[in-house]
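Shown next: protein-v4.txt, containing compact mmCIF, N, CA and C atoms and all ligand atoms.
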# COMPACT_ATOMS: atom_id res chain seq x y z
N MET A 1 51.57 -14.82 26.78
CA MET A 1 51.82 -14.86 28.22
C MET A 1 53.18 -14.21 28.47
N ARG A 2 53.22 -13.32 29.48
CA ARG A 2 54.42 -12.47 29.59
C ARG A 2 55.42 -12.97 30.63
N LYS A 3 54.91 -13.51 31.73
CA LYS A 3 55.83 -14.03 32.76
C LYS A 3 55.01 -14.88 33.73
N ILE A 4 55.69 -15.62 34.58
CA ILE A 4 54.99 -16.32 35.66
C ILE A 4 54.64 -15.26 36.70
N GLU A 5 53.35 -15.02 36.90
CA GLU A 5 52.93 -13.99 37.85
C GLU A 5 53.10 -14.50 39.28
N HIS A 6 52.62 -15.75 39.51
CA HIS A 6 52.87 -16.37 40.81
C HIS A 6 52.77 -17.88 40.72
N ILE A 7 53.29 -18.52 41.75
CA ILE A 7 53.12 -19.96 41.93
C ILE A 7 52.26 -20.12 43.17
N GLY A 8 51.14 -20.82 43.02
CA GLY A 8 50.19 -21.00 44.14
C GLY A 8 50.51 -22.28 44.89
N ILE A 9 50.61 -22.18 46.20
CA ILE A 9 50.95 -23.33 47.04
C ILE A 9 49.84 -23.52 48.07
N ALA A 10 49.26 -24.72 48.07
CA ALA A 10 48.18 -25.03 49.03
C ALA A 10 48.80 -25.37 50.38
N VAL A 11 48.32 -24.71 51.43
CA VAL A 11 48.85 -24.97 52.77
C VAL A 11 47.68 -25.18 53.75
N LYS A 12 48.00 -25.87 54.84
CA LYS A 12 46.94 -26.11 55.84
C LYS A 12 46.83 -24.93 56.80
N ASP A 13 47.98 -24.35 57.15
CA ASP A 13 48.00 -23.30 58.18
C ASP A 13 48.84 -22.13 57.66
N LEU A 14 48.15 -21.05 57.28
CA LEU A 14 48.84 -19.92 56.63
C LEU A 14 49.91 -19.31 57.53
N GLU A 15 49.58 -19.20 58.81
CA GLU A 15 50.53 -18.55 59.73
C GLU A 15 51.84 -19.36 59.83
N GLN A 16 51.66 -20.67 59.98
CA GLN A 16 52.86 -21.53 60.07
C GLN A 16 53.65 -21.49 58.77
N SER A 17 52.95 -21.51 57.64
CA SER A 17 53.64 -21.52 56.35
C SER A 17 54.27 -20.16 56.06
N ASN A 18 53.66 -19.08 56.54
CA ASN A 18 54.31 -17.76 56.40
C ASN A 18 55.67 -17.77 57.08
N ALA A 19 55.72 -18.36 58.27
CA ALA A 19 56.98 -18.41 59.01
C ALA A 19 58.00 -19.29 58.28
N LEU A 20 57.51 -20.42 57.75
CA LEU A 20 58.41 -21.34 57.03
C LEU A 20 58.98 -20.68 55.77
N PHE A 21 58.11 -20.04 54.98
CA PHE A 21 58.58 -19.43 53.73
C PHE A 21 59.43 -18.18 54.00
N ALA A 22 59.18 -17.50 55.11
CA ALA A 22 60.03 -16.35 55.47
C ALA A 22 61.45 -16.85 55.75
N LYS A 23 61.55 -18.00 56.44
CA LYS A 23 62.88 -18.57 56.70
C LYS A 23 63.54 -19.00 55.39
N LEU A 24 62.72 -19.64 54.53
CA LEU A 24 63.24 -20.16 53.26
C LEU A 24 63.74 -19.04 52.36
N LEU A 25 62.92 -17.99 52.23
CA LEU A 25 63.21 -16.93 51.24
C LEU A 25 64.03 -15.78 51.82
N GLY A 26 64.13 -15.74 53.15
CA GLY A 26 64.92 -14.68 53.79
C GLY A 26 64.21 -13.35 53.79
N LYS A 27 62.89 -13.38 53.67
CA LYS A 27 62.10 -12.13 53.73
C LYS A 27 60.67 -12.47 54.12
N ASN A 28 59.96 -11.47 54.64
CA ASN A 28 58.57 -11.71 55.04
C ASN A 28 57.62 -11.54 53.86
N HIS A 29 56.41 -12.10 54.01
CA HIS A 29 55.37 -11.85 53.00
C HIS A 29 55.04 -10.36 53.00
N PHE A 30 54.62 -9.83 51.84
CA PHE A 30 54.35 -8.39 51.78
C PHE A 30 52.86 -8.06 51.90
N LYS A 31 52.00 -9.08 51.77
CA LYS A 31 50.58 -8.79 52.00
C LYS A 31 49.81 -10.08 52.25
N THR A 32 48.67 -9.94 52.91
CA THR A 32 47.71 -11.05 53.03
C THR A 32 46.38 -10.53 52.52
N GLU A 33 45.57 -11.44 52.02
CA GLU A 33 44.27 -11.03 51.48
C GLU A 33 43.33 -12.23 51.49
N GLU A 34 42.08 -11.98 51.87
CA GLU A 34 41.07 -13.04 51.74
C GLU A 34 40.32 -12.81 50.45
N VAL A 35 40.10 -13.88 49.69
CA VAL A 35 39.31 -13.77 48.46
C VAL A 35 38.06 -14.62 48.67
N ASP A 36 36.96 -13.93 48.97
CA ASP A 36 35.73 -14.64 49.35
C ASP A 36 35.21 -15.53 48.23
N GLY A 37 35.34 -15.05 46.99
CA GLY A 37 34.84 -15.82 45.83
C GLY A 37 35.49 -17.19 45.73
N GLU A 38 36.74 -17.30 46.14
CA GLU A 38 37.46 -18.59 46.06
C GLU A 38 37.55 -19.27 47.42
N LYS A 39 37.03 -18.61 48.44
CA LYS A 39 37.04 -19.16 49.82
C LYS A 39 38.48 -19.51 50.25
N VAL A 40 39.36 -18.51 50.07
CA VAL A 40 40.76 -18.71 50.46
C VAL A 40 41.29 -17.48 51.19
N ALA A 41 42.29 -17.73 52.04
CA ALA A 41 43.12 -16.66 52.59
C ALA A 41 44.50 -16.84 51.97
N THR A 42 45.07 -15.73 51.52
CA THR A 42 46.35 -15.83 50.79
C THR A 42 47.39 -14.94 51.45
N SER A 43 48.66 -15.28 51.19
CA SER A 43 49.74 -14.35 51.50
C SER A 43 50.71 -14.40 50.32
N PHE A 44 51.40 -13.29 50.11
CA PHE A 44 52.29 -13.18 48.95
C PHE A 44 53.70 -12.84 49.37
N PHE A 45 54.65 -13.52 48.73
CA PHE A 45 56.08 -13.22 48.86
C PHE A 45 56.59 -12.82 47.49
N GLN A 46 57.33 -11.73 47.43
CA GLN A 46 57.94 -11.32 46.16
C GLN A 46 59.25 -12.07 45.99
N VAL A 47 59.45 -12.67 44.82
CA VAL A 47 60.72 -13.34 44.53
C VAL A 47 61.14 -12.89 43.13
N GLY A 48 62.01 -11.91 43.08
CA GLY A 48 62.38 -11.33 41.78
C GLY A 48 61.14 -10.75 41.11
N GLU A 49 60.93 -11.17 39.86
CA GLU A 49 59.79 -10.63 39.10
C GLU A 49 58.50 -11.38 39.37
N THR A 50 58.61 -12.48 40.13
CA THR A 50 57.40 -13.29 40.35
C THR A 50 57.07 -13.37 41.85
N LYS A 51 56.04 -14.10 42.16
CA LYS A 51 55.59 -14.18 43.55
C LYS A 51 55.29 -15.62 43.92
N VAL A 52 55.35 -15.88 45.22
CA VAL A 52 54.82 -17.12 45.77
C VAL A 52 53.53 -16.74 46.48
N GLU A 53 52.45 -17.46 46.14
CA GLU A 53 51.14 -17.22 46.76
C GLU A 53 50.80 -18.43 47.62
N LEU A 54 50.74 -18.24 48.93
CA LEU A 54 50.31 -19.32 49.82
C LEU A 54 48.80 -19.24 49.95
N LEU A 55 48.14 -20.41 49.93
CA LEU A 55 46.66 -20.42 49.97
C LEU A 55 46.16 -21.37 51.05
N GLN A 56 45.36 -20.81 51.95
CA GLN A 56 44.70 -21.65 52.96
C GLN A 56 43.19 -21.55 52.73
N ALA A 57 42.50 -22.67 52.85
CA ALA A 57 41.04 -22.67 52.69
C ALA A 57 40.38 -21.92 53.85
N THR A 58 39.29 -21.18 53.54
CA THR A 58 38.53 -20.55 54.61
C THR A 58 37.17 -21.23 54.79
N ASP A 59 36.94 -22.29 54.00
CA ASP A 59 35.65 -22.97 54.02
C ASP A 59 35.88 -24.39 53.50
N ASN A 60 35.07 -25.34 53.96
CA ASN A 60 35.23 -26.74 53.51
C ASN A 60 34.96 -26.91 52.02
N ASN A 61 34.23 -25.96 51.42
CA ASN A 61 33.93 -26.06 49.99
C ASN A 61 34.97 -25.36 49.11
N SER A 62 36.00 -24.85 49.74
CA SER A 62 37.05 -24.16 48.96
C SER A 62 37.78 -25.16 48.08
N PRO A 63 38.19 -24.75 46.86
CA PRO A 63 39.02 -25.64 46.03
C PRO A 63 40.28 -26.10 46.76
N ILE A 64 40.78 -25.27 47.67
CA ILE A 64 41.99 -25.65 48.42
C ILE A 64 41.67 -26.75 49.44
N ALA A 65 40.51 -26.66 50.09
CA ALA A 65 40.11 -27.72 51.05
C ALA A 65 39.94 -29.04 50.31
N LYS A 66 39.29 -28.96 49.13
CA LYS A 66 39.07 -30.20 48.34
C LYS A 66 40.41 -30.79 47.90
N TYR A 67 41.32 -29.91 47.51
CA TYR A 67 42.64 -30.38 47.05
C TYR A 67 43.38 -31.07 48.19
N LEU A 68 43.34 -30.47 49.39
CA LEU A 68 44.08 -31.04 50.52
C LEU A 68 43.45 -32.34 51.02
N GLU A 69 42.15 -32.51 50.76
CA GLU A 69 41.51 -33.78 51.13
C GLU A 69 42.10 -34.93 50.33
N LYS A 70 42.40 -34.64 49.04
CA LYS A 70 42.86 -35.70 48.13
C LYS A 70 44.37 -35.79 48.03
N LYS A 71 45.02 -34.62 48.07
CA LYS A 71 46.47 -34.59 47.91
C LYS A 71 47.09 -33.96 49.15
N SER A 72 48.40 -33.71 49.08
CA SER A 72 49.04 -33.10 50.25
C SER A 72 49.34 -31.63 49.96
N GLU A 73 49.84 -30.93 50.95
CA GLU A 73 50.27 -29.56 50.75
C GLU A 73 51.31 -29.54 49.61
N GLY A 74 51.31 -28.45 48.85
CA GLY A 74 52.30 -28.36 47.77
C GLY A 74 51.82 -27.46 46.65
N VAL A 75 52.54 -27.53 45.52
CA VAL A 75 52.23 -26.64 44.39
C VAL A 75 50.82 -26.95 43.88
N HIS A 76 49.98 -25.93 43.86
CA HIS A 76 48.58 -26.10 43.47
C HIS A 76 48.32 -25.57 42.07
N HIS A 77 48.95 -24.44 41.72
CA HIS A 77 48.78 -23.89 40.36
C HIS A 77 49.93 -22.99 39.98
N ILE A 78 50.03 -22.76 38.67
CA ILE A 78 50.99 -21.78 38.14
C ILE A 78 50.16 -20.71 37.44
N ALA A 79 50.46 -19.44 37.77
CA ALA A 79 49.69 -18.33 37.21
C ALA A 79 50.56 -17.53 36.26
N PHE A 80 50.02 -17.28 35.05
CA PHE A 80 50.73 -16.49 34.05
C PHE A 80 50.08 -15.12 33.92
N ASP A 81 50.93 -14.12 33.82
CA ASP A 81 50.47 -12.75 33.60
C ASP A 81 50.15 -12.57 32.11
N VAL A 82 48.97 -12.04 31.81
CA VAL A 82 48.60 -11.78 30.40
C VAL A 82 48.14 -10.33 30.27
N GLU A 83 48.29 -9.82 29.05
CA GLU A 83 47.92 -8.41 28.82
C GLU A 83 46.41 -8.28 28.63
N ASP A 84 45.83 -9.22 27.85
CA ASP A 84 44.41 -9.15 27.49
C ASP A 84 43.80 -10.52 27.76
N ILE A 85 43.16 -10.67 28.92
CA ILE A 85 42.73 -12.01 29.37
C ILE A 85 41.64 -12.59 28.45
N LEU A 86 40.76 -11.75 27.93
CA LEU A 86 39.68 -12.27 27.07
C LEU A 86 40.26 -12.77 25.74
N ALA A 87 41.21 -12.03 25.19
CA ALA A 87 41.86 -12.46 23.95
C ALA A 87 42.61 -13.77 24.18
N GLU A 88 43.23 -13.89 25.35
CA GLU A 88 44.00 -15.11 25.66
C GLU A 88 43.04 -16.30 25.83
N VAL A 89 41.88 -16.06 26.45
CA VAL A 89 40.88 -17.13 26.59
C VAL A 89 40.44 -17.61 25.21
N GLU A 90 40.17 -16.68 24.31
CA GLU A 90 39.75 -17.05 22.94
C GLU A 90 40.84 -17.86 22.25
N ARG A 91 42.09 -17.41 22.38
CA ARG A 91 43.21 -18.11 21.74
C ARG A 91 43.32 -19.54 22.29
N LEU A 92 43.23 -19.68 23.62
CA LEU A 92 43.42 -21.00 24.25
C LEU A 92 42.25 -21.93 23.95
N LYS A 93 41.03 -21.35 23.84
CA LYS A 93 39.87 -22.17 23.43
C LYS A 93 40.09 -22.75 22.04
N THR A 94 40.55 -21.89 21.13
CA THR A 94 40.80 -22.32 19.75
C THR A 94 41.86 -23.42 19.72
N GLU A 95 42.80 -23.35 20.66
CA GLU A 95 43.86 -24.37 20.72
C GLU A 95 43.39 -25.64 21.41
N GLY A 96 42.14 -25.64 21.93
CA GLY A 96 41.57 -26.86 22.50
C GLY A 96 41.71 -27.01 24.00
N PHE A 97 42.16 -25.97 24.70
CA PHE A 97 42.27 -26.07 26.16
C PHE A 97 40.91 -25.91 26.82
N GLU A 98 40.76 -26.55 27.98
CA GLU A 98 39.46 -26.50 28.69
C GLU A 98 39.47 -25.34 29.69
N ILE A 99 38.65 -24.35 29.39
CA ILE A 99 38.60 -23.14 30.24
C ILE A 99 37.57 -23.39 31.35
N LEU A 100 37.95 -23.17 32.59
CA LEU A 100 37.02 -23.42 33.71
C LEU A 100 36.04 -22.27 33.90
N ASN A 101 36.48 -21.04 33.67
CA ASN A 101 35.57 -19.89 33.77
C ASN A 101 35.89 -18.91 32.64
N GLU A 102 34.99 -18.87 31.66
CA GLU A 102 35.27 -17.97 30.51
C GLU A 102 35.11 -16.51 30.89
N THR A 103 34.26 -16.27 31.90
CA THR A 103 34.13 -14.92 32.42
C THR A 103 35.15 -14.76 33.53
N PRO A 104 36.10 -13.84 33.38
CA PRO A 104 37.13 -13.69 34.41
C PRO A 104 36.52 -13.37 35.78
N LYS A 105 37.17 -13.93 36.83
CA LYS A 105 36.72 -13.70 38.21
C LYS A 105 37.69 -12.72 38.87
N LEU A 106 37.23 -12.15 39.98
CA LEU A 106 38.10 -11.26 40.75
C LEU A 106 39.03 -12.12 41.61
N GLY A 107 40.34 -11.99 41.37
CA GLY A 107 41.32 -12.74 42.15
C GLY A 107 41.95 -11.85 43.21
N ALA A 108 43.08 -12.28 43.72
CA ALA A 108 43.80 -11.49 44.72
C ALA A 108 44.62 -10.41 44.03
N ASP A 109 45.05 -9.43 44.81
CA ASP A 109 46.04 -8.46 44.35
C ASP A 109 45.57 -7.66 43.13
N ASN A 110 44.24 -7.39 43.10
CA ASN A 110 43.69 -6.54 42.04
C ASN A 110 43.87 -7.12 40.64
N LYS A 111 43.47 -8.40 40.50
CA LYS A 111 43.64 -9.08 39.21
C LYS A 111 42.34 -9.75 38.79
N LEU A 112 42.15 -9.84 37.47
CA LEU A 112 41.11 -10.70 36.92
C LEU A 112 41.75 -12.04 36.62
N VAL A 113 41.05 -13.13 36.96
CA VAL A 113 41.68 -14.45 36.80
C VAL A 113 40.76 -15.43 36.07
N VAL A 114 41.40 -16.32 35.31
CA VAL A 114 40.71 -17.41 34.60
C VAL A 114 41.55 -18.66 34.84
N PHE A 115 40.87 -19.81 35.03
CA PHE A 115 41.59 -21.07 35.25
C PHE A 115 41.37 -22.03 34.08
N LEU A 116 42.39 -22.84 33.80
CA LEU A 116 42.29 -23.91 32.81
C LEU A 116 42.30 -25.25 33.55
N HIS A 117 41.44 -26.18 33.12
CA HIS A 117 41.36 -27.46 33.83
C HIS A 117 42.68 -28.24 33.67
N PRO A 118 43.18 -28.79 34.81
CA PRO A 118 44.45 -29.53 34.72
C PRO A 118 44.41 -30.73 33.77
N ARG A 119 43.19 -31.26 33.49
CA ARG A 119 43.18 -32.43 32.60
C ARG A 119 43.50 -32.03 31.15
N SER A 120 43.45 -30.71 30.85
CA SER A 120 43.83 -30.29 29.49
C SER A 120 45.25 -29.73 29.45
N THR A 121 45.95 -29.72 30.59
CA THR A 121 47.29 -29.10 30.66
C THR A 121 48.28 -30.01 31.38
N ASN A 122 48.26 -31.30 30.99
CA ASN A 122 49.23 -32.26 31.57
C ASN A 122 49.20 -32.28 33.09
N GLY A 123 48.00 -32.12 33.67
CA GLY A 123 47.87 -32.28 35.13
C GLY A 123 48.27 -31.07 35.95
N VAL A 124 48.50 -29.92 35.28
CA VAL A 124 48.88 -28.71 36.02
C VAL A 124 47.74 -27.69 35.93
N LEU A 125 47.22 -27.26 37.06
CA LEU A 125 46.19 -26.22 37.06
C LEU A 125 46.86 -24.89 36.67
N ILE A 126 46.33 -24.26 35.61
CA ILE A 126 46.90 -23.01 35.11
C ILE A 126 45.93 -21.87 35.39
N GLU A 127 46.49 -20.77 35.89
CA GLU A 127 45.70 -19.54 36.11
C GLU A 127 46.24 -18.45 35.18
N LEU A 128 45.34 -17.70 34.55
CA LEU A 128 45.73 -16.50 33.80
C LEU A 128 45.36 -15.30 34.66
N CYS A 129 46.22 -14.30 34.70
CA CYS A 129 45.96 -13.09 35.50
C CYS A 129 46.14 -11.85 34.65
N GLN A 130 45.18 -10.96 34.76
CA GLN A 130 45.34 -9.64 34.13
C GLN A 130 45.17 -8.57 35.18
N GLU A 131 46.11 -7.67 35.24
CA GLU A 131 46.02 -6.55 36.20
C GLU A 131 44.80 -5.69 35.83
N ILE A 132 44.05 -5.26 36.85
CA ILE A 132 42.88 -4.42 36.58
C ILE A 132 43.33 -2.97 36.46
C1 LIG A 201 43.40 -16.13 45.52
C2 LIG A 201 42.58 -16.08 44.30
C3 LIG A 201 43.26 -16.64 43.06
C4 LIG A 201 44.44 -15.75 42.71
O1 LIG A 201 44.18 -14.53 42.55
O2 LIG A 201 45.59 -16.17 42.60
C5 LIG A 201 43.64 -18.10 43.25
O3 LIG A 201 44.71 -18.55 43.05
S1 LIG A 201 42.33 -19.07 43.79
C6 LIG A 201 42.97 -20.73 43.86
C7 LIG A 201 41.86 -21.62 44.21
N1 LIG A 201 40.86 -21.65 43.15
C8 LIG A 201 40.86 -22.58 42.17
O4 LIG A 201 41.66 -23.54 42.17
C9 LIG A 201 39.81 -22.40 41.11
C10 LIG A 201 40.00 -23.36 39.96
N2 LIG A 201 39.91 -24.74 40.40
C11 LIG A 201 38.81 -25.49 40.18
O5 LIG A 201 37.87 -25.07 39.54
C12 LIG A 201 38.81 -26.89 40.77
O6 LIG A 201 39.69 -26.96 41.85
C13 LIG A 201 39.22 -27.99 39.69
C14 LIG A 201 40.64 -27.78 39.20
C15 LIG A 201 38.22 -27.97 38.51
C16 LIG A 201 39.14 -29.34 40.38
O7 LIG A 201 37.92 -29.40 41.03
P1 LIG A 201 37.03 -30.72 41.11
O8 LIG A 201 36.76 -31.19 39.74
O9 LIG A 201 35.89 -30.48 42.02
O10 LIG A 201 38.02 -31.61 41.86
P2 LIG A 201 38.33 -33.06 41.69
O11 LIG A 201 38.94 -33.34 42.98
O12 LIG A 201 37.15 -33.86 41.24
O13 LIG A 201 39.45 -33.07 40.56
C17 LIG A 201 39.29 -33.51 39.25
C18 LIG A 201 40.69 -33.92 38.81
O14 LIG A 201 41.55 -32.77 38.80
C19 LIG A 201 42.67 -33.00 39.66
N3 LIG A 201 43.03 -31.75 40.30
C20 LIG A 201 42.26 -31.02 41.12
N4 LIG A 201 42.92 -29.90 41.49
C21 LIG A 201 44.12 -29.97 40.89
C22 LIG A 201 45.25 -29.10 40.90
N5 LIG A 201 45.27 -27.96 41.58
N6 LIG A 201 46.33 -29.47 40.18
C23 LIG A 201 46.36 -30.64 39.47
N7 LIG A 201 45.30 -31.49 39.42
C24 LIG A 201 44.22 -31.15 40.13
C25 LIG A 201 42.17 -34.02 40.65
O15 LIG A 201 43.25 -34.70 41.23
C26 LIG A 201 41.33 -34.93 39.76
O16 LIG A 201 42.15 -35.76 39.01
P3 LIG A 201 41.76 -37.28 38.77
O17 LIG A 201 41.61 -37.86 40.15
O18 LIG A 201 42.92 -37.84 38.01
O19 LIG A 201 40.48 -37.25 38.01
CO CO A 202 46.59 -17.91 42.22
Could you express the structure from this file as structure tokens?
Amino acid sequence: MRKIEHIGIAVKDLEQSNALFAKLLGKNHFKTEEVDGEKVATSFFQVGETKVELLQATDNNSPIAKYLEKKSEGVHHIAFDVEDILAEVERLKTEGFEILNETPKLGADNKLVVFLHPRSTNGVLIELCQEI
């Protein structure tokens, strides 16, 4: 794993949170994107070498909607940049981690993504990202 690619934050209202994080970080988000596969609308802020990804649910079945039903707004996942996502999945499987999708999915910002179940990672949802 090469660096933290982004930190995902679950929010109820993307527009309001864009304004809040713009005030916090002193800069505006540089892009927004809907990812239909995950039923989310996202916005990204660049912070040095990494990013903050705000996520709002676009459907009641979205993982973000389910998360907000049980918990509050806040850090939802940490995403690591990897060079070879399939090799990393094999390595992590061998180490005993629970992979949620062995076949990488299309994520935001032109990336292939794989998630690890938080119950195998001390309660933290982990995302692996490989640039396409
Ligand atoms: C924009 C696209 C992409 C990108 O390019 O960056 C994204 O970031 S998409 C982000 C949204 N997508 C996902 O989160 C996909 C992966 N997540 C899942 O598959 C599910 O959310 C889950 C992690 C498997 C949980 O789903 P489910 O089992 O249906 O939910 P439960 O509510 O039953 O939870 C079981 C258990 O796990 C705890 N949990 C759930 N989410 C998280 C989380 N984000 N962080 C930490 N823990 C989490 C939940 O509290 C339950 O715990 P217990 O109650 O102790 O059993
Ligand atoms: Co993410």
_Contacts to ligand LIG 201 (chain A) at 6 Å cut-off (only N, CA and C atoms and all ligand atoms) as an NGL selection string_ = :A and (35 or 38 or 63-64 or 66-67 or 76-77 or 106-109 or 115 or 117-119 or 123-125)
*Hey, which of A:Glu5, A:Glu49, A:Ile85, A:Ser62 ends up closest to ligand CO 202 (chain A)? Count all atoms listed in the file.*
A:Glu5
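When atom CA of Gln56 of chain A is paired with atom N of Gly26 of chain A, their separation reads 20.3 Å.
Taking only N, CA and C atoms and all ligand atoms into account, the protein and nucleic acid residues that come at most 6.5 Å from ligand CO 202 (chain A) are His6, Ile7, Gly8, Glu53, His77, Ala79 and Glu127 of chain A.
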*asked:* So the first atom is atom N of Leu24 of chain A and the second is atom CA of Ser72 of chain A; what is the distance between them in Å, to one decimal place?
replied: 19.7 Å
*Go through chain A and collect every residue that DSSP, computed from the backbone, puts in strand (DSSP E or B); the answer should be as a PyMOL selection string.*
chain A and resi 3-10+31-35+40-47+50-57+74-81+99+105-106+111-116+126-131
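If only N, CA and C atoms are the atoms counted, then among A:Leu55, A:Asn122, A:Leu112, A:Cys129 the closest residue to Thr42 of chain A is A:Leu55.
Atom N of Phe44 of chain A lies 14.4 Å from atom C of Lys23 of chain A.
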*List the neighbours of Ile99 of chain A out to 8 Å using all atoms listed in the file; skip same-chain residues closer than 3 positions along the sequence, and give me the result as a ChimeraX atom specification.*
/A:89,92-93,96,102-103,114-117,120
Listed atoms of segment 92-95 of chain A, axis-aligned box, 3 Å per side: centre and edge lengths to one decimal in Å, as JSON?
{"center_x": 41.9, "center_y": -22.7, "center_z": 22.0, "size_x": 10.0, "size_y": 12.0, "size_z": 10.5}
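Compared by their closest atoms to Ala41 of chain A, and using only N, CA and C atoms, the residues A:Leu25, A:Leu14, A:Val113, A:Leu86 rank with A:Leu14 nearest.
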*Would you mind telling me which residue in A:Phe45, A:Glu98, A:Ala22, A:Thr32 lies nearest to Thr121 of chain A when using all atoms listed in the file?*
A:Glu98
*Write down as an NGL selection string the residues of chain A whose backbone DSSP state falls under helix (DSSP H, G or I).*
:A and (14-25 or 36-38 or 63-70 or 85-94 or 118-120)
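Distances to His29 of chain A were evaluated for A:Leu54, A:Ala10, A:Met1, A:Ile78 using only C-alpha atoms, and the minimum falls at A:Leu54.
The smallest atom-to-atom distance between Val52 of chain A and any of A:Lys70, A:Ala65, A:Ile9, A:Asp81, using only N, CA and C atoms, is found for A:Ile9.
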